[in-house]
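J.: File data.cif follows (mmCIF, C-alpha atoms and all ligand atoms):
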```cif
data_final
loop_
_atom_site.label_atom_id
_atom_site.label_comp_id
_atom_site.auth_asym_id
_atom_site.auth_seq_id
_atom_site.Cartn_x
_atom_site.Cartn_y
_atom_site.Cartn_z
CA MET A 1 70.13 117.35 152.83
CA ILE A 2 70.21 118.23 156.53
CA LEU A 3 70.50 121.94 157.25
CA SER A 4 71.33 123.58 160.50
CA THR A 5 68.18 125.58 161.13
CA GLU A 6 69.02 129.03 162.50
CA ARG A 7 67.06 130.18 165.57
CA LEU A 8 66.46 133.89 165.13
CA LEU A 9 65.08 136.34 167.68
CA PRO A 10 62.73 139.20 166.80
CA ASP A 11 65.40 141.91 167.02
CA ALA A 12 67.26 144.00 164.44
CA HIS A 13 69.73 141.20 163.71
CA GLY A 14 66.97 138.56 163.49
CA TYR A 15 64.89 140.56 161.02
CA SER A 16 67.77 141.46 158.75
CA ARG A 17 69.11 137.89 158.75
CA ALA A 18 65.62 136.48 158.05
CA ALA A 19 65.12 138.96 155.19
CA GLU A 20 68.54 138.03 153.79
CA ILE A 21 67.63 134.33 153.83
CA LEU A 22 64.36 135.10 152.03
CA ARG A 23 66.22 137.15 149.40
CA ASP A 24 68.55 134.19 148.86
CA GLY A 25 65.60 131.88 148.15
CA GLY A 26 65.65 130.25 151.58
CA ARG A 27 62.80 129.37 153.94
CA VAL A 28 62.03 131.15 157.19
CA ALA A 29 59.29 130.03 159.57
CA PHE A 30 57.71 133.03 161.28
CA PRO A 31 54.83 133.69 163.66
CA THR A 32 51.54 135.13 162.53
CA GLU A 33 48.59 135.78 164.85
CA THR A 34 47.02 132.50 163.64
CA VAL A 35 49.80 129.91 163.34
CA TYR A 36 53.46 129.87 162.28
CA GLY A 37 53.94 130.13 158.54
CA LEU A 38 56.76 128.65 156.46
CA GLY A 39 57.76 131.63 154.35
CA GLY A 40 59.59 131.95 151.05
CA ASP A 41 59.88 134.69 148.41
CA ALA A 42 56.65 134.29 146.39
CA ARG A 43 58.48 135.45 143.23
CA ASN A 44 61.19 132.81 143.46
CA ASP A 45 60.40 129.37 141.97
CA ARG A 46 63.19 127.71 143.89
CA ALA A 47 62.08 129.18 147.20
CA VAL A 48 58.49 128.04 146.66
CA ALA A 49 59.60 124.57 145.54
CA GLY A 50 61.66 124.47 148.74
CA ILE A 51 58.55 125.11 150.84
CA PHE A 52 56.82 122.09 149.31
CA GLU A 53 59.98 120.05 149.74
CA ALA A 54 60.33 120.91 153.43
CA LYS A 55 56.68 120.13 154.14
CA GLY A 56 56.77 116.89 152.17
CA ARG A 57 53.48 117.85 150.51
CA PRO A 58 52.47 115.20 147.98
CA ARG A 59 50.87 117.83 145.73
CA PHE A 60 51.21 121.48 144.82
CA ASN A 61 48.36 123.17 146.67
CA PRO A 62 48.13 126.91 146.10
CA LEU A 63 49.67 129.00 148.88
CA ILE A 64 48.62 132.17 150.68
CA VAL A 65 50.73 135.24 149.88
CA HIS A 66 51.49 137.52 152.84
CA VAL A 67 52.11 141.24 152.41
CA ASP A 68 52.46 144.07 154.92
CA SER A 69 49.57 146.29 153.81
CA ALA A 70 46.40 146.42 151.73
CA GLU A 71 48.24 148.81 149.45
CA ALA A 72 50.87 146.14 148.78
CA ALA A 73 48.11 143.57 148.14
CA ARG A 74 46.62 145.71 145.39
CA ALA A 75 49.74 145.10 143.29
CA TYR A 76 48.87 141.40 143.01
CA VAL A 77 45.08 141.12 142.84
CA GLU A 78 42.17 142.84 141.10
CA TRP A 79 40.84 145.01 143.87
CA SER A 80 37.13 145.61 144.41
CA GLU A 81 34.82 147.62 146.62
CA GLY A 82 34.10 144.50 148.68
CA ALA A 83 37.81 143.84 149.12
CA GLU A 84 38.33 147.43 150.21
CA ARG A 85 35.62 147.21 152.83
CA LEU A 86 36.85 143.85 154.18
CA ALA A 87 40.47 145.03 154.25
CA GLY A 88 39.36 148.13 156.15
CA ALA A 89 37.55 146.01 158.72
CA PHE A 90 39.86 143.00 159.14
CA TRP A 91 43.39 143.79 157.93
CA PRO A 92 45.83 143.38 159.40
CA GLY A 93 44.26 140.20 160.76
CA PRO A 94 43.23 136.58 160.20
CA LEU A 95 41.27 137.01 156.97
CA THR A 96 42.54 135.64 153.65
CA MET A 97 40.82 136.95 150.53
CA VAL A 98 40.84 135.00 147.27
CA LEU A 99 40.69 137.52 144.43
CA PRO A 100 41.44 137.46 140.69
CA LEU A 101 45.19 137.45 140.09
CA LYS A 102 46.45 140.55 138.30
CA PRO A 103 48.28 139.83 135.07
CA GLY A 104 52.05 140.31 135.00
CA THR A 105 52.71 140.05 138.74
CA ARG A 106 55.72 137.78 138.28
CA LEU A 107 54.70 135.56 141.18
CA SER A 108 55.96 131.99 140.88
CA PRO A 109 53.35 129.80 139.16
CA LEU A 110 53.91 127.32 141.99
CA VAL A 111 52.26 129.81 144.39
CA THR A 112 48.90 129.82 142.63
CA ALA A 113 49.19 126.26 141.25
CA GLU A 114 48.19 128.08 138.07
CA LEU A 115 44.77 129.16 139.33
CA PRO A 116 43.61 132.51 137.93
CA THR A 117 43.09 133.64 141.53
CA LEU A 118 45.35 134.48 144.46
CA ALA A 119 44.86 133.98 148.19
CA ILE A 120 46.32 136.99 149.99
CA ARG A 121 46.41 138.36 153.52
CA VAL A 122 48.01 140.96 155.75
CA PRO A 123 48.95 139.31 159.06
CA ALA A 124 48.61 141.31 162.26
CA HIS A 125 51.40 139.76 164.32
CA PRO A 126 54.06 142.44 164.93
CA VAL A 127 56.87 139.98 164.15
CA ALA A 128 55.26 139.03 160.83
CA GLN A 129 54.71 142.72 160.07
CA ALA A 130 58.33 143.61 160.84
CA LEU A 131 59.65 140.71 158.76
CA LEU A 132 57.47 141.59 155.75
CA HIS A 133 58.46 145.21 156.07
CA THR A 134 62.19 144.43 156.27
CA PHE A 135 62.00 141.99 153.37
CA GLY A 136 59.86 144.34 151.29
CA GLY A 137 58.28 141.68 149.06
CA PRO A 138 55.49 139.10 148.94
CA VAL A 139 55.99 136.02 151.13
CA ALA A 140 54.26 132.75 150.28
CA ALA A 141 53.57 130.77 153.45
CA PRO A 142 51.60 127.66 154.28
CA SER A 143 51.44 126.59 157.91
CA ALA A 144 54.92 125.55 159.09
CA ASN A 145 54.22 121.87 159.72
CA PRO A 146 55.09 118.72 157.81
CA SER A 147 52.22 117.69 155.56
CA GLY A 148 49.51 115.85 157.48
CA ARG A 149 50.53 117.17 160.91
CA ILE A 150 48.80 119.87 162.94
CA SER A 151 49.65 123.54 162.50
CA PRO A 152 52.35 124.94 164.82
CA THR A 153 51.63 127.74 167.28
CA SER A 154 55.15 128.08 168.71
CA ALA A 155 58.73 127.99 167.45
CA ALA A 156 59.19 124.73 169.38
CA HIS A 157 56.34 123.14 167.40
CA VAL A 158 57.95 124.30 164.16
CA LEU A 159 61.29 122.79 165.13
CA ALA A 160 59.67 119.53 166.24
CA GLY A 161 58.51 119.06 162.65
CA LEU A 162 60.99 120.92 160.46
CA ASP A 163 64.34 121.20 162.27
CA GLY A 164 67.09 120.51 159.74
CA ARG A 165 64.67 120.96 156.81
CA ILE A 166 64.47 124.78 156.68
CA GLU A 167 67.01 127.59 156.88
CA ALA A 168 65.59 129.43 159.90
CA VAL A 169 62.81 130.00 162.39
CA LEU A 170 62.04 133.44 163.77
CA ASP A 171 60.89 132.90 167.36
CA GLY A 172 58.08 135.28 168.26
CA GLY A 173 56.48 133.31 171.06
CA THR A 174 53.04 131.76 170.98
CA CYS A 175 50.33 132.61 168.42
CA ASP A 176 47.18 134.14 169.96
CA VAL A 177 44.49 132.97 167.55
CA GLY A 178 45.75 129.41 167.24
CA VAL A 179 43.61 128.49 164.23
CA GLU A 180 44.25 129.39 160.62
CA SER A 181 42.84 132.44 158.88
CA THR A 182 39.32 132.46 157.48
CA ILE A 183 39.50 132.07 153.70
CA LEU A 184 36.89 134.02 151.77
CA GLY A 185 36.45 133.62 148.02
CA LEU A 186 35.48 136.91 146.36
CA VAL A 187 35.60 135.90 142.75
CA ASP A 188 31.93 135.05 142.09
CA GLY A 189 30.25 136.53 145.13
CA PRO A 190 31.44 135.88 148.68
CA VAL A 191 32.06 132.20 149.52
CA LEU A 192 33.49 130.81 152.73
CA LEU A 193 36.29 128.50 151.59
CA ARG A 194 37.67 127.74 155.05
CA PRO A 195 36.34 128.78 158.45
CA GLY A 196 39.03 130.31 160.64
CA GLY A 197 40.05 133.14 162.92
CA ILE A 198 37.26 135.53 161.88
CA ALA A 199 33.65 134.39 162.22
CA VAL A 200 31.65 134.40 159.02
CA GLU A 201 28.89 136.39 160.76
CA GLU A 202 31.37 139.22 161.34
CA ILE A 203 32.17 139.21 157.63
CA GLU A 204 28.48 139.26 156.74
CA ALA A 205 27.96 142.23 159.04
CA VAL A 206 30.62 144.19 157.16
CA ILE A 207 29.55 143.35 153.61
CA GLY A 208 25.82 143.42 154.37
CA ASN A 209 25.35 140.19 152.41
CA ARG A 210 25.10 136.50 153.13
CA VAL A 211 28.26 134.52 152.56
CA ALA A 212 27.75 131.17 150.80
CA ARG A 213 29.01 128.16 152.78
CA HIS A 214 30.41 124.99 151.41
CA THR A 215 29.11 122.04 153.30
CA ASP A 216 30.92 118.72 153.66
CA GLY A 217 31.04 116.66 150.51
CA ASP A 218 30.90 119.74 148.38
CA ALA A 219 33.44 120.12 145.60
CA ILE A 220 35.37 122.93 147.31
CA SER A 221 35.77 121.33 150.75
CA ALA A 222 39.50 121.31 150.03
CA PRO A 223 39.95 124.91 148.90
CA GLY A 224 42.16 125.54 145.96
CA GLN A 225 42.11 121.97 144.77
CA LEU A 226 39.24 122.56 142.44
CA ALA A 227 40.62 124.35 139.46
CA SER A 228 44.24 123.24 139.68
CA HIS A 229 43.67 121.04 136.67
CA TYR A 230 45.65 123.09 134.23
CA ALA A 231 46.74 120.90 131.40
CA PRO A 232 48.99 122.05 128.60
CA GLY A 233 47.43 122.22 125.13
CA ALA A 234 49.61 119.31 124.11
CA ILE A 235 48.95 115.68 124.96
CA VAL A 236 51.26 114.48 127.73
CA ARG A 237 52.92 111.04 127.86
CA LEU A 238 54.68 110.00 131.06
CA ASN A 239 57.71 107.80 131.82
CA ALA A 240 59.06 108.27 128.32
CA THR A 241 62.61 107.16 127.61
CA THR A 242 62.59 108.14 123.95
CA ARG A 243 60.86 110.70 121.75
CA GLN A 244 58.16 109.39 119.46
CA GLU A 245 57.23 111.12 116.24
CA GLY A 246 55.86 114.63 116.76
CA GLU A 247 56.79 114.72 120.45
CA LEU A 248 58.95 117.14 122.35
CA LEU A 249 60.78 115.56 125.27
CA LEU A 250 60.77 117.16 128.71
CA GLY A 251 63.76 115.53 130.32
CA PHE A 252 65.02 114.85 133.82
CA GLY A 253 68.64 113.91 134.51
CA THR A 254 71.15 113.13 131.80
CA VAL A 255 68.98 112.68 128.72
CA ASP A 256 68.95 114.13 125.23
CA CYS A 257 65.80 116.25 125.31
CA ASP A 258 64.16 119.51 124.23
CA LEU A 259 64.02 121.03 127.70
CA ASN A 260 65.37 119.61 130.93
CA LEU A 261 63.66 119.93 134.33
CA SER A 262 66.99 119.29 136.02
CA PRO A 263 70.06 118.00 134.17
CA THR A 264 71.60 116.98 137.52
CA GLY A 265 68.47 115.11 138.63
CA ASP A 266 67.69 117.58 141.46
CA LEU A 267 63.98 117.31 142.38
CA ARG A 268 63.80 120.80 143.87
CA GLU A 269 65.16 122.32 140.68
CA ALA A 270 62.73 120.17 138.68
CA ALA A 271 59.76 121.36 140.77
CA ALA A 272 60.86 124.98 140.35
CA ASN A 273 61.00 124.53 136.57
CA LEU A 274 57.92 122.35 136.11
CA PHE A 275 55.15 124.82 135.25
CA GLY A 276 57.42 127.18 133.34
CA HIS A 277 58.84 124.39 131.18
CA LEU A 278 55.39 122.96 130.37
CA HIS A 279 54.32 126.43 129.27
CA ARG A 280 57.44 126.87 127.17
CA LEU A 281 56.90 123.59 125.33
CA ASP A 282 53.24 124.51 124.84
CA ALA A 283 54.27 127.88 123.44
CA GLN A 284 56.60 126.11 120.99
CA GLY A 285 53.43 124.53 119.59
CA ALA A 286 54.15 121.01 120.79
CA LYS A 287 51.35 118.59 119.81
CA ALA A 288 52.61 116.07 122.30
CA ILE A 289 54.98 116.29 125.25
CA ALA A 290 56.81 113.20 126.45
CA VAL A 291 58.23 113.36 129.98
CA SER A 292 61.17 111.42 131.39
CA PRO A 293 60.53 109.22 134.44
CA ILE A 294 60.71 111.23 137.67
CA PRO A 295 61.56 109.37 140.90
CA ASP A 296 58.44 109.16 143.08
CA THR A 297 60.20 110.22 146.28
CA GLY A 298 60.19 113.55 148.13
CA LEU A 299 59.17 116.39 145.82
CA GLY A 300 58.95 113.85 143.00
CA GLN A 301 55.53 112.85 144.36
CA ALA A 302 54.13 116.36 143.90
CA ILE A 303 55.72 116.61 140.46
CA ASN A 304 54.27 113.24 139.42
CA ASP A 305 50.85 114.14 140.82
CA ARG A 306 50.84 117.27 138.68
CA LEU A 307 52.10 115.42 135.60
CA ARG A 308 49.55 112.62 135.98
CA ARG A 309 46.79 115.21 136.02
CA ALA A 310 48.25 116.88 132.92
CA ALA A 311 48.35 113.49 131.21
CA ALA A 312 44.84 112.38 132.26
CA PRO A 313 42.22 112.04 129.51
CA ARG A 314 40.61 115.42 128.82
CA PRO A 315 36.86 115.83 129.19
CA GLY A 316 34.72 116.81 126.20
CA PRO A 317 35.73 117.89 122.71
CA ALA A 318 38.77 120.14 122.33
CA GLN A 319 38.12 123.89 122.32
CA PRO A 320 38.21 125.39 118.84
O1 LIG B 1 46.42 131.41 159.01
C1 LIG B 1 46.79 131.01 157.89
O2 LIG B 1 46.08 131.15 156.89
C2 LIG B 1 48.15 130.36 157.81
C3 LIG B 1 49.19 131.44 158.12
C4 LIG B 1 50.60 130.96 157.96
O3 LIG B 1 48.95 132.57 157.30
N1 LIG B 1 48.40 129.77 156.52
C5 LIG B 1 47.76 128.64 156.11
O4 LIG B 1 48.19 128.18 154.86
O5 LIG B 1 46.91 128.07 156.74
P1 LIG B 1 47.88 126.70 154.31
O6 LIG B 1 48.71 126.53 153.08
O7 LIG B 1 48.11 125.70 155.37
O8 LIG B 1 46.40 126.79 153.86
C6 LIG B 1 46.07 127.59 152.78
C7 LIG B 1 44.79 127.15 152.15
C8 LIG B 1 44.92 125.83 151.42
O9 LIG B 1 43.85 124.98 151.77
C9 LIG B 1 44.83 126.24 149.96
O10 LIG B 1 44.24 125.23 149.18
C10 LIG B 1 43.97 127.50 150.02
O11 LIG B 1 44.44 128.13 151.17
N2 LIG B 1 44.19 128.38 148.88
C11 LIG B 1 45.32 129.00 148.51
N3 LIG B 1 45.15 129.70 147.37
C12 LIG B 1 43.87 129.52 147.00
C13 LIG B 1 43.08 129.98 145.91
N4 LIG B 1 43.59 130.74 144.94
N5 LIG B 1 41.79 129.59 145.87
C14 LIG B 1 41.26 128.81 146.85
N6 LIG B 1 41.97 128.35 147.89
C15 LIG B 1 43.25 128.68 147.98
MG MG B 2 48.07 123.99 156.69
#
```
Could you spell out this file's structure in structure tokens?
Ligand code: TXA
Ligand code: MG
T.:
Amino acid sequence: MILSTERLLPDAHGYSRAAEILRDGGRVAFPTETVYGLGGDARNDRAVAGIFEAKGRPRFNPLIVHVDSAEAARAYVEWSEGAERLAGAFWPGPLTMVLPLKPGTRLSPLVTAELPTLAIRVPAHPVAQALLHTFGGPVAAPSANPSGRISPTSAAHVLAGLDGRIEAVLDGGTCDVGVESTILGLVDGPVLLRPGGIAVEEIEAVIGNRVARHTDGDAISAPGQLASHYAPGAIVRLNATTRQEGELLLGFGTVDCDLNLSPTGDLREAAANLFGHLHRLDAQGAKAIAVSPIPDTGLGQAINDRLRRAAAPRPGPAQP
């Protein structure tokens, strides 16, 4: 579907319109000090699915959640002394911290790709601050470029890639930093997951400790990919047109099934429902889940990537 992407200015009307679009589950590209982000309400499955759809990402990578203060961040992650010190030194600013996700946050499972951790940051750009403040909730935002293209540092770059694919862009001029935020893992000791706007030496100076680096070829060179191997307890069988004995059928389109990802065959709705529905069937005690064929176009690619990994042979003996 081709949308007419609204061009919003950073004034009272622009902020309230952008916040309204976010509340309605729409996508708003906005400037941060690093690059433009493609924002959506991090609590809204449909909004987050829409981000992946607009970017054409072939898989569900976990996203960074943006909030307007360290105090707001503490509602979503298990805070620590190290986090406090780093937030004091670098927030607002281009540092993303990966911390254990707090239980019961009601963030969309698509945001974390079901990792037990959350990447979170407080951007310094005044336009990002004003938008987050007006909206008053957590905003999930990857860089606002189509998958595989370079990150945008102006509204014109955003429109060159995403015009007609997102509801709005908030034009706040050019980003100063121009590279993405530094991503620091703080789950098992400090680990640099992605170099970025803040030098790792500056981080070491604040925490008084060496930060582990991941060199090329290491397992975490693509941050966030590592643990997104959640598989339901049940065995998963793909491209199923009928239920076999003992299976529950996760349907797509007009099929007789136990739960339907999207009765109308809408891939965005299916993506929004994917993780929740797998959990629901698991919770029903399914031994095996059969899944209807999903078209391998657009968001269907990310859905199929996720389903293939759920269906892949499991390593080792089953946990007792
Ligand atoms: O400067 C930035 O960080 C920009 C602006 C918009 O804030 N955002 C950005 O997002 O660069 P994105 O999606 O392009 O990159 C986020 C990276 C991805 O490589 C993702 O795998 C990683 O963060 N990530 C997200 N959650 C993670 C987690 N829980 N653990 C490890 N890595 C994570
Ligand atoms: Mg990116």
J.: What separation in Å, quoted to one decimal, exists between CA of Thr153 in chain A and CA of Ala140 in chain A?
T.: 17.9 Å
J.: Considering all atoms listed in the file, can you say which of A:Ala168, A:Gly40, A:Leu110, A:Ile203 comes closest to Ala87 in chain A?
T.: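 Residue with the minimum atom-to-atom distance to Ala87 in chain A: A:Ile203.
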J.: What separation in Å, quoted to one decimal, exists between CA of Thr117 in chain A and CA of Gln284 in chain A?
T.: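 Interatomic distance, CA of Thr117 in chain A to CA of Gln284 in chain A: 25.7 Å.
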J.: Using all atoms listed in the file, find the one residue out of A:Asp45, A:Asp176, A:Glu33, A:Glu204 that sits nearest to ligand LIG 1 (chain B).
T.: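 Closest to ligand LIG 1 (chain B), using all atoms listed in the file: A:Glu33.
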J.: When the cut-off is 7 Å and you count only C-alpha atoms and all ligand atoms, which residues lie near ligand MG 2 (chain B), shown as a CSV table (one decimal) with C-alpha atoms, in the coordinates of the input?
T.:
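Result file is pocket_9.csv:
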```csv
chain,number,residue,atom,x,y,z
A,142,PRO,CA,51.6,127.7,154.3
A,143,SER,CA,51.4,126.6,157.9
A,151,SER,CA,49.6,123.5,162.5
```
J.: Please determine, counting all atoms listed in the file, which residue among A:Leu8, A:Ala130, A:Ala119, A:Cys257 has the shortest atom-to-atom distance to Thr182 in chain A.
T.: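 The shortest atom-to-atom distance to Thr182 in chain A comes from A:Ala119.
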J.: Can you measure CA of Gly300 in chain A to CA of Leu267 in chain A for me? One decimal in Å is fine.
T.: 6.1 Å
J.: Hey, which residues sit close to ligand LIG 1 (chain B)? Say within 8 Å, counting only C-alpha atoms and all ligand atoms, and write them as a PyMOL selection string.
T.: chain A and resi 31-38+61-64+66+94-96+98-99+111-112+115-121+123+141-144+151+179-183+185+193-194+196-197+222-226
J.: For a quick check of understanding, using all atoms listed in the file, which of A:Gly25, A:Pro146, A:Pro92, A:Pro152 has the smallest distance to Ala272 in chain A?
T.: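 Comparing A:Gly25, A:Pro146, A:Pro92, A:Pro152 against Ala272 in chain A, the winner is A:Gly25.
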J.: Could you give me, as a list of chain:residue names, the residues within 9 Å of Ala290 in chain A, counting all atoms listed in the file and dropping anything in the same chain fewer than 5 positions from it?
T.: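 Residues near the query, excluding close chain neighbours: A:Ile235, A:Val236, A:Arg237, A:Leu238, A:Asn239, A:Ala240, A:Thr241, A:Thr242, A:Arg243, A:Gln244, A:Glu247, A:Leu248, A:Leu249, A:Leu250, A:Gly251.
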J.: Output C-alpha atoms of each residue in that selection to a file, as an mmCIF file, in the coordinates of the input.
T.:
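Listed below is the output, again_22.cif:
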```
data_model
loop_
_atom_site.group_PDB
_atom_site.id
_atom_site.type_symbol
_atom_site.label_atom_id
_atom_site.label_comp_id
_atom_site.auth_asym_id
_atom_site.auth_seq_id
_atom_site.Cartn_x
_atom_site.Cartn_y
_atom_site.Cartn_z
ATOM 1 C CA ILE A 235 48.950 115.680 124.960
ATOM 2 C CA VAL A 236 51.260 114.480 127.730
ATOM 3 C CA ARG A 237 52.920 111.040 127.860
ATOM 4 C CA LEU A 238 54.680 110.000 131.060
ATOM 5 C CA ASN A 239 57.710 107.800 131.820
ATOM 6 C CA ALA A 240 59.060 108.270 128.320
ATOM 7 C CA THR A 241 62.610 107.160 127.610
ATOM 8 C CA THR A 242 62.590 108.140 123.950
ATOM 9 C CA ARG A 243 60.860 110.700 121.750
ATOM 10 C CA GLN A 244 58.160 109.390 119.460
ATOM 11 C CA GLU A 247 56.790 114.720 120.450
ATOM 12 C CA LEU A 248 58.950 117.140 122.350
ATOM 13 C CA LEU A 249 60.780 115.560 125.270
ATOM 14 C CA LEU A 250 60.770 117.160 128.710
ATOM 15 C CA GLY A 251 63.760 115.530 130.320
#
```
J.: Find, counting only C-alpha atoms, the residue in A:Gly265, A:Gly148, A:Gly246, A:Gly276 that gets nearest to Ile289 in chain A.
T.: A:Gly246
J.: Quick one: everything within 12 Å of Glu84 in chain A, counting only C-alpha atoms, minus sequence neighbours fewer than 2 positions away in the same chain. Send it as a PyMOL selection string.
T.: chain A and resi 69-71+73-74+77-82+86-91+97+99+186+206-207
J.: Using only C-alpha atoms, please write the residues we just selected to a file, as a tab-separated table (two decimals), keeping the file's coordinate frame.
T.:
```tsv
chain	number	residue	atom	x	y	z
A	69	SER	CA	49.57	146.29	153.81
A	70	ALA	CA	46.40	146.42	151.73
A	71	GLU	CA	48.24	148.81	149.45
A	73	ALA	CA	48.11	143.57	148.14
A	74	ARG	CA	46.62	145.71	145.39
A	77	VAL	CA	45.08	141.12	142.84
A	78	GLU	CA	42.17	142.84	141.10
A	79	TRP	CA	40.84	145.01	143.87
A	80	SER	CA	37.13	145.61	144.41
A	81	GLU	CA	34.82	147.62	146.62
A	82	GLY	CA	34.10	144.50	148.68
A	86	LEU	CA	36.85	143.85	154.18
A	87	ALA	CA	40.47	145.03	154.25
A	88	GLY	CA	39.36	148.13	156.15
A	89	ALA	CA	37.55	146.01	158.72
A	90	PHE	CA	39.86	143.00	159.14
A	91	TRP	CA	43.39	143.79	157.93
A	97	MET	CA	40.82	136.95	150.53
A	99	LEU	CA	40.69	137.52	144.43
A	186	LEU	CA	35.48	136.91	146.36
A	206	VAL	CA	30.62	144.19	157.16
A	207	ILE	CA	29.55	143.35	153.61
```
J.: So which residues touch range 14-24 of chain A within 12 Å, counting only C-alpha atoms, skipping near sequence neighbours fewer than 5 positions away, as a ChimeraX atom specification?
T.: /A:5-9,29-30,38-48,50-51,126-141,166-172
J.: Which residue is closest to Leu307 in chain A? Choose from A:Leu274, A:His157, A:Ala288, A:Lys55 and count all atoms listed in the file.
T.: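 Of A:Leu274, A:His157, A:Ala288, A:Lys55, the one nearest Leu307 in chain A is A:Leu274, counting all atoms listed in the file.
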J.: At a cut-off of 10 Å, using only C-alpha atoms, what residues contact Asn304 in chain A? Leave out same-chain residues fewer than 3 positions from it and give the result as number ranges by chain.
T.: A: 58-59, 238-239, 271, 293-297, 299-301, 307-310
J.: Using all atoms of range 142-156 of chain A listed in the file and a margin of 4 Å per side, can you give the axis-aligned box centre and edge lengths in Å to one decimal, as lines of an AutoDock Vina configuration file?
T.:
```
center_x = 54.0
center_y = 122.0
center_z = 161.8
size_x = 18.4
size_y = 20.2
size_z = 23.1
```
J.: Need to verify the contact set: Asp282 in chain A, 7 Å, only C-alpha atoms, exclusion of same-chain residues closer than 3 positions in sequence. Can you return it as a PDB file with C-alpha atoms, in the frame of the given file?
T.:
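The result, stored in around12.pdb:
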```pdb
ATOM      1  CA  PRO A 232      48.990 122.050 128.600  1.00  0.00           C
ATOM      2  CA  GLY A 233      47.430 122.220 125.130  1.00  0.00           C
ATOM      3  CA  ALA A 234      49.610 119.310 124.110  1.00  0.00           C
ATOM      4  CA  LEU A 278      55.390 122.960 130.370  1.00  0.00           C
ATOM      5  CA  HIS A 279      54.320 126.430 129.270  1.00  0.00           C
ATOM      6  CA  GLY A 285      53.430 124.530 119.590  1.00  0.00           C
ATOM      7  CA  ALA A 286      54.150 121.010 120.790  1.00  0.00           C
TER       8      ALA A 286
END
```
